[in-house]
Structure formats: C-alpha cells, structure tokens
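Colleague: This is the structure I have questions about; it appears just below.
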Amino acid sequence: MSYGLVDIQRDLDSSANQGLEHAAAMEGQRKQAWQEIKQADDASRKNAIAMGAGAGFMVGGPVGAVAGAGVGYLTYKFL
C-alpha cells in the first residue's frame, strides 16, 4: 500500500513542479511583453517630439523647433 501512496506523492510533486514551471514561463512572457510595450511607447514619444520639432523648425527656425517639440510632447502625452 505504501508503494501506491509513494507513487501518488510523486505524481503530485511532478504536477506541482510543472505548474510552477508554467507559471515561471508565463511570468517571463509577461515581462518580455511589458518591455516591448515600454520600448514602443518610448519610440512613440520620441517620434512625436521629433515631428513637432521638425514642423516648428520649418515655421519658426530654432525657436519654433523648441516650441514644436513642446507641442509634440504634449500631443503625445494627452492624445
């Protein structure tokens, strides 16, 4: 009878370990997805600022570039 109980315990341990491995893999995927989201957001912010600075520079030179970069950042932040 104890042999059967030992097998049951091994099966339970194996299932628990598989569950922990699966949870760890899911956590790794979640962290990777979060990093990708942060990188995409950072690229979007930089793009909005550069677009605003470029448009501002065409209209008002260096001062317009600074104002345009500010408008680009605000556009990114609030839209």
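By convention here, the chains of the structure tokens are called A, B, ... in the order presented, each chain's residues are numbered starting at 1, and ligands are numbered starting at 1 in the order presented.
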Residues within 10 Å of stretch 56-62 of chain A, please, as a PyMOL selection string. Count only C-alpha atoms; anything in the same chain fewer than 6 positions from it doesn't count.
Modeller: chain A and resi 50+68-72
Colleague: Give me a file of those residues, with N, CA and C atoms, as a CSV table (one decimal), in the first residue's frame.
Modeller:
chain,number,residue,atom,x,y,z
A,50,ALA,N,10.0,64.7,-32.2
A,50,ALA,CA,10.8,65.0,-33.4
A,50,ALA,C,9.9,65.6,-34.5
A,68,GLY,N,7.8,73.6,-31.1
A,68,GLY,CA,7.2,72.5,-31.8
A,68,GLY,C,7.5,71.2,-31.0
A,69,ALA,N,8.7,71.1,-30.4
A,69,ALA,CA,9.0,69.9,-29.6
A,69,ALA,C,8.1,69.8,-28.4
A,70,GLY,N,7.8,71.0,-27.8
A,70,GLY,CA,6.9,71.0,-26.6
A,70,GLY,C,5.5,70.6,-27.0
A,71,VAL,N,5.1,71.1,-28.2
A,71,VAL,CA,3.7,70.8,-28.7
A,71,VAL,C,3.7,69.3,-29.0
A,72,GLY,N,4.8,68.8,-29.6
A,72,GLY,CA,4.8,67.3,-29.9
A,72,GLY,C,4.7,66.5,-28.7
Colleague: Report the distance between atom CA of A:Lys31 and atom CA of A:Ala43 in Å, rounded to one decimal place.
Modeller: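 Computed distance, atom CA of A:Lys31 to atom CA of A:Ala43, equals 18.4 Å.
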Colleague: For a test of reading the model, state the distance in Å between atom CA of A:Gly4 and atom CA of A:Gly19, rounded to one decimal.
Modeller: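 Between these atoms lies a distance of 22.6 Å.
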Colleague: Considering only C-alpha atoms, give me a table of residues in stretch 5-58 of chain A that are at most 7 Å from stretch 73-77 of chain A, with the closest atom pair and distance in Å for each, as a tab-separated table.
Modeller:
residue	atom	partner	partner_atom	distance
A:Arg45	CA	A:Tyr76	CA	5.9
A:Ala48	CA	A:Tyr76	CA	6.0
A:Ile49	CA	A:Tyr73	CA	5.1
Colleague: Quick one: write out the picked residues with N, CA and C atoms as an mmCIF file, in the first residue's frame?
Modeller:
data_model
loop_
_atom_site.group_PDB
_atom_site.id
_atom_site.type_symbol
_atom_site.label_atom_id
_atom_site.label_comp_id
_atom_site.auth_asym_id
_atom_site.auth_seq_id
_atom_site.Cartn_x
_atom_site.Cartn_y
_atom_site.Cartn_z
ATOM 1 N N ARG A 45 6.924 58.408 -28.190
ATOM 2 C CA ARG A 45 7.204 59.715 -27.575
ATOM 3 C C ARG A 45 8.283 60.453 -28.347
ATOM 4 N N ALA A 48 6.933 61.686 -31.701
ATOM 5 C CA ALA A 48 6.040 62.842 -31.586
ATOM 6 C C ALA A 48 6.842 64.116 -31.341
ATOM 7 N N ILE A 49 7.850 64.039 -30.487
ATOM 8 C CA ILE A 49 8.675 65.221 -30.207
ATOM 9 C C ILE A 49 9.453 65.628 -31.455
#
Colleague: Give me, please, the distance in Å between atom CA of A:Asp7 and atom CA of A:His22, quoted to one decimal.
Modeller: 22.4 Å
